[in-house]
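**Q** Data file entry.tsv (TSV, C-alpha atoms) is appended below.
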```tsv
chain	number	residue	atom	x	y	z
A	45	MET	CA	-8.28	-6.92	-27.42
A	46	PHE	CA	-6.47	-7.72	-24.22
A	47	ALA	CA	-2.76	-6.95	-24.07
A	48	GLY	CA	-0.52	-9.97	-23.59
A	49	ALA	CA	2.64	-10.51	-21.67
A	50	ALA	CA	5.76	-8.71	-22.78
A	51	LEU	CA	9.27	-9.76	-21.84
A	52	LEU	CA	11.80	-6.96	-21.77
A	53	SER	CA	15.24	-6.29	-20.40
A	54	LEU	CA	16.20	-3.69	-17.84
A	55	LEU	CA	19.60	-2.57	-16.64
A	56	PRO	CA	20.15	-3.49	-13.00
A	57	LEU	CA	19.65	-0.82	-10.38
A	58	PRO	CA	22.76	0.90	-8.99
A	59	ALA	CA	24.49	-0.88	-6.13
A	60	HIS	CA	22.71	-0.26	-2.85
A	61	ALA	CA	24.28	1.85	-0.15
A	62	ALA	CA	23.98	-0.73	2.62
A	63	PRO	CA	23.16	-4.45	2.72
A	64	HIS	CA	19.89	-5.77	4.06
A	65	PRO	CA	20.53	-6.57	7.72
A	66	ALA	CA	19.21	-10.12	7.48
A	67	ALA	CA	21.17	-13.08	6.15
A	68	PRO	CA	20.98	-13.70	2.38
A	69	ALA	CA	17.93	-15.68	1.33
A	70	ALA	CA	18.08	-18.94	-0.60
A	71	ALA	CA	17.52	-18.75	-4.34
A	72	LEU	CA	13.88	-18.16	-5.23
A	73	PRO	CA	11.94	-20.50	-7.48
A	74	LYS	CA	11.64	-19.20	-11.03
A	75	PRO	CA	8.57	-16.98	-11.48
A	76	ASP	CA	5.58	-18.27	-13.41
A	77	PRO	CA	4.35	-15.50	-15.73
A	78	THR	CA	1.77	-17.83	-17.31
A	79	GLY	CA	0.28	-18.55	-13.90
A	80	LEU	CA	0.42	-14.86	-13.08
A	81	LYS	CA	-1.57	-14.06	-16.21
A	82	GLY	CA	-4.09	-16.70	-15.18
A	83	VAL	CA	-4.57	-14.98	-11.81
A	84	LEU	CA	-5.31	-11.71	-13.57
A	85	ARG	CA	-7.84	-13.43	-15.83
A	86	ALA	CA	-9.53	-14.93	-12.77
A	87	ALA	CA	-9.84	-11.50	-11.10
A	88	VAL	CA	-11.50	-10.10	-14.23
A	89	SER	CA	-13.86	-13.07	-14.42
A	90	GLN	CA	-14.87	-12.27	-10.82
A	91	GLY	CA	-15.88	-8.70	-11.62
A	92	ALA	CA	-12.78	-6.51	-11.85
A	93	PRO	CA	-12.91	-4.53	-15.13
A	94	GLY	CA	-9.14	-4.94	-15.50
A	95	ALA	CA	-6.06	-6.32	-13.80
A	96	MET	CA	-2.34	-5.97	-14.44
A	97	ALA	CA	1.05	-6.88	-13.04
A	98	ARG	CA	4.67	-5.89	-13.54
A	99	LEU	CA	7.28	-8.37	-12.39
A	100	ASP	CA	10.96	-7.43	-12.24
A	101	ASP	CA	13.14	-10.50	-11.76
A	102	HIS	CA	16.78	-9.41	-11.43
A	103	GLY	CA	16.32	-6.90	-14.25
A	104	THR	CA	14.10	-9.01	-16.51
A	105	LEU	CA	10.65	-7.50	-16.87
A	106	TYR	CA	7.27	-9.10	-17.40
A	107	HIS	CA	4.29	-6.87	-18.22
A	108	LEU	CA	0.94	-8.66	-18.00
A	109	THR	CA	-2.52	-7.19	-18.49
A	110	VAL	CA	-6.11	-8.40	-18.79
A	111	GLY	CA	-9.29	-6.37	-19.30
A	112	THR	CA	-10.07	-2.68	-19.50
A	113	SER	CA	-9.08	0.55	-17.80
A	114	ASP	CA	-12.35	2.26	-18.78
A	115	ARG	CA	-15.66	0.43	-18.95
A	116	ARG	CA	-17.18	3.10	-21.17
A	117	THR	CA	-14.50	3.28	-23.86
A	118	LYS	CA	-13.26	-0.34	-23.44
A	119	LYS	CA	-9.66	0.92	-23.51
A	120	ALA	CA	-7.27	-1.87	-22.53
A	121	ILE	CA	-5.59	-1.56	-19.15
A	122	SER	CA	-1.83	-0.98	-19.36
A	123	ASN	CA	1.18	-0.97	-17.06
A	124	ALA	CA	1.72	2.57	-18.34
A	125	ASP	CA	-1.44	3.59	-16.45
A	126	ARG	CA	-1.29	5.46	-13.15
A	127	PHE	CA	-3.65	4.57	-10.31
A	128	ARG	CA	-4.41	5.23	-6.65
A	129	ILE	CA	-2.20	2.98	-4.48
A	130	GLY	CA	-4.15	3.26	-1.22
A	131	SER	CA	-2.30	1.97	1.83
A	132	VAL	CA	0.97	1.37	-0.01
A	133	THR	CA	1.24	5.09	0.85
A	134	LYS	CA	1.90	3.97	4.43
A	135	THR	CA	5.28	2.57	3.42
A	136	PHE	CA	6.24	5.92	1.89
A	137	SER	CA	5.19	7.69	5.10
A	138	ALA	CA	7.18	5.26	7.23
A	139	VAL	CA	10.29	5.78	5.08
A	140	VAL	CA	10.08	9.55	5.57
A	141	LEU	CA	9.83	9.13	9.34
A	142	LEU	CA	12.70	6.65	9.44
A	143	GLN	CA	14.82	9.12	7.50
A	144	LEU	CA	13.98	11.65	10.21
A	145	VAL	CA	15.13	9.08	12.76
A	146	ASP	CA	18.40	8.79	10.82
A	147	GLU	CA	18.71	12.59	10.98
A	148	GLY	CA	18.28	12.62	14.75
A	149	LYS	CA	14.98	14.53	14.57
A	150	LEU	CA	12.75	11.70	15.80
A	151	ALA	CA	13.02	8.81	18.27
A	152	LEU	CA	10.92	5.71	17.61
A	153	ASP	CA	10.33	4.98	21.29
A	154	ALA	CA	9.46	8.57	22.23
A	155	PRO	CA	5.83	9.47	22.93
A	156	VAL	CA	3.95	10.98	20.00
A	157	ASN	CA	2.90	13.77	22.38
A	158	ARG	CA	6.55	14.87	22.73
A	159	TYR	CA	6.36	16.11	19.13
A	160	LEU	CA	2.62	16.85	18.97
A	161	PRO	CA	1.73	18.04	22.49
A	162	GLY	CA	-1.79	17.14	23.57
A	163	LEU	CA	-2.69	15.33	20.35
A	164	LEU	CA	-3.34	11.95	21.97
A	165	PRO	CA	-5.03	11.22	25.31
A	166	ASP	CA	-2.36	8.72	26.34
A	167	SER	CA	1.29	9.77	26.44
A	168	ARG	CA	2.36	6.12	26.52
A	169	ILE	CA	1.65	5.87	22.78
A	170	THR	CA	5.00	6.02	21.01
A	171	VAL	CA	6.01	6.62	17.41
A	172	ARG	CA	6.86	2.92	17.12
A	173	HIS	CA	3.38	1.96	18.33
A	174	VAL	CA	1.83	4.15	15.65
A	175	LEU	CA	3.98	2.81	12.80
A	176	SER	CA	3.36	-0.83	13.82
A	177	HIS	CA	-0.41	-0.48	14.43
A	178	ARG	CA	-0.05	-1.12	18.15
A	179	SER	CA	-1.30	2.24	19.42
A	180	GLY	CA	-4.88	1.12	20.04
A	181	LEU	CA	-6.24	4.13	18.13
A	182	TYR	CA	-9.62	3.29	16.61
A	183	ASP	CA	-9.84	3.32	12.80
A	184	TYR	CA	-12.24	6.13	11.94
A	185	SER	CA	-12.83	4.58	8.48
A	186	ASN	CA	-14.91	1.81	10.10
A	187	GLU	CA	-17.65	4.31	10.85
A	188	MET	CA	-17.07	6.33	7.69
A	189	PHE	CA	-17.49	3.34	5.36
A	190	ALA	CA	-19.90	1.13	7.26
A	191	ARG	CA	-21.95	1.50	4.06
A	192	SER	CA	-19.52	1.25	1.17
A	193	VAL	CA	-21.19	3.36	-1.55
A	194	SER	CA	-23.11	5.96	0.46
A	195	GLY	CA	-20.16	6.31	2.81
A	196	PHE	CA	-17.84	6.95	-0.12
A	197	GLU	CA	-20.17	9.41	-1.82
A	198	ALA	CA	-20.45	11.35	1.45
A	199	VAL	CA	-16.69	12.00	1.50
A	200	ARG	CA	-15.76	11.80	-2.20
A	201	THR	CA	-15.21	15.56	-2.51
A	202	LYS	CA	-14.69	16.46	1.16
A	203	VAL	CA	-11.42	17.86	2.47
A	204	PHE	CA	-10.44	16.93	6.01
A	205	THR	CA	-7.65	18.16	8.23
A	206	TYR	CA	-5.49	15.57	9.92
A	207	ARG	CA	-6.77	16.69	13.30
A	208	GLN	CA	-10.39	16.26	12.22
A	209	LEU	CA	-9.62	12.65	11.33
A	210	VAL	CA	-7.82	12.06	14.63
A	211	ALA	CA	-10.81	13.57	16.46
A	212	ARG	CA	-13.12	11.07	14.72
A	213	SER	CA	-10.92	8.28	16.01
A	214	LEU	CA	-10.78	9.62	19.56
A	215	SER	CA	-14.58	9.72	19.79
A	216	HIS	CA	-14.39	5.90	20.03
A	217	PRO	CA	-12.79	3.70	22.70
A	218	ARG	CA	-9.30	2.49	21.97
A	219	THR	CA	-8.88	-1.08	20.74
A	220	THR	CA	-5.77	-2.08	22.71
A	221	ALA	CA	-3.45	-0.68	25.36
A	222	PRO	CA	-0.39	1.11	23.93
A	223	GLY	CA	2.09	-1.50	22.77
A	224	GLY	CA	-0.56	-4.21	22.72
A	225	ALA	CA	-1.44	-6.57	19.90
A	226	TYR	CA	-1.45	-5.47	16.27
A	227	SER	CA	-4.72	-3.76	15.34
A	228	TYR	CA	-4.71	-2.11	11.92
A	229	SER	CA	-5.90	1.50	11.90
A	230	ASN	CA	-5.63	4.27	9.32
A	231	THR	CA	-5.55	6.71	12.23
A	232	ASN	CA	-1.97	5.65	12.96
A	233	PHE	CA	-0.73	6.92	9.63
A	234	VAL	CA	-2.74	10.12	9.87
A	235	VAL	CA	-0.69	10.69	13.02
A	236	ALA	CA	2.39	9.83	10.92
A	237	GLY	CA	1.45	12.59	8.50
A	238	LEU	CA	1.12	15.08	11.33
A	239	LEU	CA	4.57	14.07	12.59
A	240	ILE	CA	6.11	14.54	9.14
A	241	GLU	CA	4.64	18.01	8.75
A	242	LYS	CA	5.53	19.10	12.29
A	243	LEU	CA	9.14	17.89	12.15
A	244	THR	CA	9.93	19.12	8.63
A	245	GLY	CA	7.77	22.24	8.38
A	246	HIS	CA	6.61	21.00	4.97
A	247	SER	CA	3.59	19.17	3.58
A	248	VAL	CA	3.75	15.40	3.27
A	249	GLY	CA	3.60	15.80	-0.51
A	250	THR	CA	6.73	17.94	-0.45
A	251	GLU	CA	8.57	15.42	1.72
A	252	TYR	CA	7.52	12.43	-0.43
A	253	ARG	CA	8.84	14.27	-3.46
A	254	ARG	CA	12.07	15.53	-1.90
A	255	ARG	CA	13.05	12.34	-0.10
A	256	ILE	CA	11.70	9.53	-2.32
A	257	ILE	CA	10.08	10.55	-5.61
A	258	ASP	CA	12.83	12.79	-6.99
A	259	PRO	CA	15.85	10.72	-5.80
A	260	LEU	CA	14.38	7.55	-7.33
A	261	LYS	CA	13.11	9.37	-10.44
A	262	LEU	CA	9.57	8.08	-9.96
A	263	ARG	CA	7.88	9.68	-12.98
A	264	ASP	CA	4.38	8.43	-12.19
A	265	THR	CA	4.14	9.06	-8.46
A	266	PHE	CA	2.15	12.05	-7.21
A	267	TYR	CA	0.50	13.37	-4.08
A	268	VAL	CA	-2.20	15.68	-5.42
A	269	HIS	CA	-4.46	15.98	-2.34
A	270	PRO	CA	-6.96	17.63	-2.29
A	271	ASP	CA	-7.27	17.61	-6.09
A	272	THR	CA	-9.60	14.91	-7.39
A	273	ALA	CA	-8.01	13.99	-10.73
A	274	ILE	CA	-5.20	11.54	-11.50
A	275	PRO	CA	-2.62	13.31	-13.70
A	276	GLY	CA	-1.85	11.92	-17.15
A	277	ARG	CA	-2.63	8.45	-18.43
A	278	HIS	CA	-4.47	6.41	-15.80
A	279	THR	CA	-6.88	3.58	-15.23
A	280	ARG	CA	-10.31	4.34	-13.90
A	281	GLY	CA	-11.29	2.72	-10.60
A	282	TYR	CA	-14.58	0.95	-9.86
A	283	LEU	CA	-16.14	0.40	-6.45
A	284	THR	CA	-18.19	-2.77	-6.06
A	285	PRO	CA	-21.48	-1.97	-4.26
A	286	GLY	CA	-22.50	-4.00	-1.25
A	287	THR	CA	-25.83	-4.83	-2.91
A	288	PRO	CA	-25.55	-7.90	-5.19
A	289	GLY	CA	-26.23	-7.05	-8.83
A	290	ALA	CA	-25.90	-3.29	-8.38
A	291	ALA	CA	-23.85	-1.39	-10.97
A	292	LEU	CA	-20.19	-0.66	-10.31
A	293	VAL	CA	-19.48	2.89	-9.14
A	294	ASP	CA	-16.81	4.86	-10.99
A	295	ALA	CA	-14.71	6.13	-8.06
A	296	THR	CA	-11.82	7.58	-10.08
A	297	LYS	CA	-12.37	11.21	-9.11
A	298	GLN	CA	-12.05	11.74	-5.37
A	299	THR	CA	-10.02	13.80	-2.94
A	300	THR	CA	-8.94	10.71	-0.97
A	301	SER	CA	-8.85	13.23	1.86
A	302	TRP	CA	-10.16	10.62	4.28
A	303	ALA	CA	-6.78	8.84	3.88
A	304	GLN	CA	-4.06	11.42	3.05
A	305	SER	CA	-0.73	10.13	4.47
A	306	ALA	CA	-2.44	6.79	5.11
A	307	GLY	CA	-3.49	6.21	1.50
A	308	ALA	CA	-3.66	9.10	-0.99
A	309	LEU	CA	-0.62	8.58	-3.25
A	310	ILE	CA	-0.90	7.90	-6.99
A	311	SER	CA	1.70	5.74	-8.73
A	312	SER	CA	2.32	3.03	-11.35
A	313	THR	CA	3.48	-0.57	-11.33
A	314	LYS	CA	6.94	0.51	-12.53
A	315	ASP	CA	7.39	3.11	-9.82
A	316	LEU	CA	6.21	0.71	-7.10
A	317	ASP	CA	8.71	-1.92	-8.24
A	318	VAL	CA	11.51	0.66	-8.19
A	319	PHE	CA	10.46	1.96	-4.75
A	320	LEU	CA	10.22	-1.45	-3.03
A	321	SER	CA	13.46	-2.66	-4.59
A	322	ALA	CA	15.30	0.50	-3.49
A	323	LEU	CA	13.90	0.27	0.03
A	324	LEU	CA	14.92	-3.35	0.57
A	325	ARG	CA	18.34	-2.78	-0.98
A	326	GLY	CA	19.00	-0.11	1.63
A	327	ARG	CA	18.96	2.89	-0.69
A	328	LEU	CA	16.38	4.92	1.25
A	329	THR	CA	17.38	4.54	4.90
A	330	SER	CA	20.31	3.51	7.01
A	331	ALA	CA	20.84	-0.18	7.69
A	332	ASP	CA	19.76	0.37	11.30
A	333	ALA	CA	16.53	2.07	10.24
A	334	LEU	CA	15.75	-0.79	7.88
A	335	THR	CA	16.38	-3.21	10.76
A	336	GLN	CA	13.84	-1.29	12.84
A	337	MET	CA	11.39	-1.34	9.94
A	338	THR	CA	11.63	-5.13	9.77
A	339	ARG	CA	11.11	-5.90	13.46
A	340	TRP	CA	7.98	-7.98	13.00
A	341	VAL	CA	4.87	-8.47	15.13
A	342	PRO	CA	2.19	-11.09	14.33
A	343	ALA	CA	-0.56	-9.64	12.15
A	344	GLY	CA	-2.85	-12.63	11.66
A	345	GLY	CA	-2.58	-15.69	9.43
A	346	THR	CA	0.64	-15.77	7.43
A	347	GLN	CA	1.30	-12.05	7.87
A	348	SER	CA	3.55	-9.98	10.12
A	349	TYR	CA	3.88	-6.21	10.35
A	350	GLY	CA	6.94	-4.06	10.90
A	351	LEU	CA	6.95	-0.26	10.63
A	352	GLY	CA	4.73	0.58	7.67
A	353	LEU	CA	5.79	-2.68	6.03
A	354	ARG	CA	4.09	-6.07	5.73
A	355	ARG	CA	5.75	-9.47	5.56
A	356	ARG	CA	3.77	-12.25	3.88
A	357	ASP	CA	4.91	-15.86	4.21
A	358	LEU	CA	4.05	-17.77	1.05
A	359	SER	CA	3.25	-21.44	0.48
A	360	CYS	CA	6.77	-22.32	-0.74
A	361	GLY	CA	8.47	-20.98	2.39
A	362	VAL	CA	9.48	-17.66	0.79
A	363	SER	CA	8.68	-14.41	2.59
A	364	VAL	CA	7.98	-11.20	0.68
A	365	TYR	CA	7.95	-7.62	1.92
A	366	GLY	CA	5.79	-4.66	0.96
A	367	HIS	CA	2.20	-3.54	1.40
A	368	THR	CA	-1.30	-3.99	0.05
A	369	GLY	CA	-3.43	-0.99	-0.79
A	370	ALA	CA	-7.17	-0.50	-1.05
A	371	VAL	CA	-8.90	2.72	-1.82
A	372	GLN	CA	-12.29	3.05	-3.49
A	373	GLY	CA	-11.90	1.64	-7.01
A	374	TYR	CA	-8.41	0.15	-6.66
A	375	TYR	CA	-6.69	-2.89	-5.12
A	376	THR	CA	-2.88	-2.66	-5.14
A	377	TYR	CA	-0.23	-5.26	-4.26
A	378	ALA	CA	3.44	-4.21	-4.05
A	379	PHE	CA	5.98	-6.71	-2.68
A	380	ALA	CA	9.61	-7.67	-3.15
A	381	SER	CA	12.03	-10.37	-2.10
A	382	LYS	CA	14.25	-9.81	0.94
A	383	ASP	CA	17.17	-8.67	-1.23
A	384	GLY	CA	14.96	-6.44	-3.39
A	385	LYS	CA	16.05	-8.20	-6.57
A	386	ARG	CA	12.61	-9.57	-7.46
A	387	SER	CA	9.63	-7.26	-7.15
A	388	LEU	CA	5.98	-7.44	-8.11
A	389	ALA	CA	3.43	-4.66	-8.43
A	390	ALA	CA	-0.12	-5.66	-9.33
A	391	LEU	CA	-3.46	-3.90	-9.58
A	392	ALA	CA	-7.13	-4.68	-10.05
A	393	ASN	CA	-9.24	-1.61	-10.81
A	394	ALA	CA	-11.90	-2.80	-8.38
A	395	SER	CA	-12.49	-2.64	-4.64
A	396	ASN	CA	-14.89	-3.85	-1.96
A	397	SER	CA	-14.74	-7.39	-3.35
A	398	THR	CA	-13.18	-9.91	-1.00
A	399	THR	CA	-13.24	-12.49	-3.78
A	400	VAL	CA	-11.17	-10.31	-6.13
A	401	HIS	CA	-8.81	-9.39	-3.28
A	402	ASN	CA	-8.07	-13.00	-2.41
A	403	THR	CA	-7.54	-13.87	-6.05
A	404	MET	CA	-5.10	-10.98	-6.51
A	405	LEU	CA	-3.12	-12.15	-3.47
A	406	ARG	CA	-2.29	-15.24	-5.55
A	407	THR	CA	-0.17	-13.03	-7.83
A	408	LEU	CA	2.48	-13.27	-5.08
A	409	GLU	CA	2.50	-17.07	-5.29
A	410	SER	CA	3.02	-17.08	-9.07
A	411	ALA	CA	5.65	-14.35	-8.90
A	412	PHE	CA	7.73	-15.69	-5.99
A	413	CYS	CA	6.88	-19.42	-5.69
A	414	GLY	CA	6.58	-20.20	-9.40
A	415	LYS	CA	4.85	-23.09	-11.11
A	416	SER	CA	4.68	-25.29	-8.03
A	417	ALA	CA	2.25	-22.79	-6.48
A	418	SER	CA	0.36	-22.17	-9.71
A	419	THR	CA	-0.41	-25.84	-10.29
A	420	ARG	CA	-1.67	-26.85	-6.85
A	421	GLU	CA	-4.69	-25.89	-4.80
A	422	LEU	CA	-3.44	-23.38	-2.25
A	423	LYS	CA	-4.82	-23.91	1.25
A	424	THR	CA	-4.61	-20.25	2.23
A	425	PRO	CA	-7.17	-18.60	4.52
A	426	TYR	CA	-9.84	-16.42	2.96
A	427	GLU	CA	-8.90	-12.93	4.09
A	428	ARG	CA	-10.55	-9.53	4.04
A	429	SER	CA	-8.60	-6.45	3.07
A	430	GLU	CA	-7.71	-4.42	6.16
A	431	ASP	CA	-6.85	-1.23	4.34
A	432	VAL	CA	-10.33	0.35	4.38
A	433	ALA	CA	-12.72	-0.08	7.33
A	434	PRO	CA	-10.88	-3.09	8.80
A	435	GLY	CA	-13.53	-3.56	11.49
A	436	VAL	CA	-16.46	-3.81	9.06
A	437	VAL	CA	-17.46	-7.35	8.06
A	438	ARG	CA	-19.09	-7.44	4.62
A	439	ASP	CA	-19.14	-11.17	3.80
```
Would you mind writing the file out in structure tokens?
**A**
Amino acid sequence: MFAGAALLSLLPLPAHAAPHPAAPAAALPKPDPTGLKGVLRAAVSQGAPGAMARLDDHGTLYHLTVGTSDRRTKKAISNADRFRIGSVTKTFSAVVLLQLVDEGKLALDAPVNRYLPGLLPDSRITVRHVLSHRSGLYDYSNEMFARSVSGFEAVRTKVFTYRQLVARSLSHPRTTAPGGAYSYSNTNFVVAGLLIEKLTGHSVGTEYRRRIIDPLKLRDTFYVHPDTAIPGRHTRGYLTPGTPGAALVDATKQTTSWAQSAGALISSTKDLDVFLSALLRGRLTSADALTQMTRWVPAGGTQSYGLGLRRRDLSCGVSVYGHTGAVQGYYTYAFASKDGKRSLAALANASNSTTVHNTMLRTLESAFCGKSASTRELKTPYERSEDVAPGVVRD
């Protein structure tokens, strides 16, 4: 039996340390939990074994679930389940680096090679370029996952060093000049991981825990690389093969070493809501650092990109802030309003399905635009997920 929607109450988060630098936004339309549940049902009808969402609207919680977390046992998916969050990890990595900026240990407009001598062939590439995907560094995952299933199986249990991944990127021509147009690349956030470890003397996992996970009491968020298992209760993840009609591939156990600081964190819908809300309320960085994080560049369609943070402009004129995440077996969506007082975290335990991805993007419309979006045909462009192999066209 599928779990239904549950409406709960939650005490408001503590007052934030600094206001969001932008002007207050107009009141949001009321969320549409019924429409949100319908989006989840649609994703399951399109091939995702399960889908779920957690919506926090000013302290009122909605838990919605459809389908299963395990195709073998038929166990219902639950918002208590942990899962791999893919590129939402990039926002965590950016927060750590912006905290280092606040501490005077890093300058956004300094060359990466100042901190990592000789790493990159062009000393014009700055930290800001890396965090905003304007470095021109080729995304090594394009080559790695040109074939979705065989590519994944080839790296499922492999352990890479950051420098091995950077070397894979540098074997290809760069995509733009430093500071050029936005061009999404996982390589950028591998470089971010190297910067974190060089400047702190600790692993990225230690810095995530010390700076974000422990202060926010995120009970379900872990960086276990290179271990392959998800700790505790979790949903299994299923990779959709590129061959029509082929069986789904259980991708739950993997090192995620190909992604690391670009995509290897594990979390839950609750923890992602808490994290995004805290970030946008100014609880994780200074007001100036948050201003830098939200200096937007065009990223195609209705999207813009800051520093490890996406802005999506919805059909009702509302903008939301967060990140998508794709890693084999999991599609994640974590976004919040400008003031952090409404947040949505959603998951489909599927990947490599552009149809499911575009359906799950509609969770944002139901959560932030309400019934007006749920009841009309949305004229939004059909978009491919950039988070894995952004240069590979599969449709």
**Q** Name the closest residue to Arg115 of chain A among the candidates A:Thr219, A:Pro155, A:Thr170, A:Tyr282; distances are taken between atoms, counting only C-alpha atoms.
**A**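 Answer, going by the shortest atom-to-atom distance: A:Tyr282.
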**Q** Smallest atom-to-atom distance to Gly79 of chain A: which of A:Ala97, A:Ser131, A:Tyr374, A:Thr117, using all atoms listed in the file?
**A** A:Ala97
**Q** Give as an MDAnalysis selection string the set of residues within 6 Å of the point (3.1, -4.6, 4.4), where distances use the file's coordinates and only C-alpha atoms.
**A** chainID A and resid 353:355 366:367
**Q** Just checking: using only C-alpha atoms, which residue out of A:Lys415, A:Arg207, A:Lys385, A:Arg428 ends up closest to Leu80 of chain A?
**A**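 Going through A:Lys415, A:Arg207, A:Lys385, A:Arg428 one by one, the smallest distance to Leu80 of chain A is for A:Lys415.
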**Q** Under the rule that all atoms listed in the file are counted, which of A:Leu214, A:Leu316, A:Leu209, A:Met404 is the nearest residue to Gly237 of chain A?
**A** A:Leu209
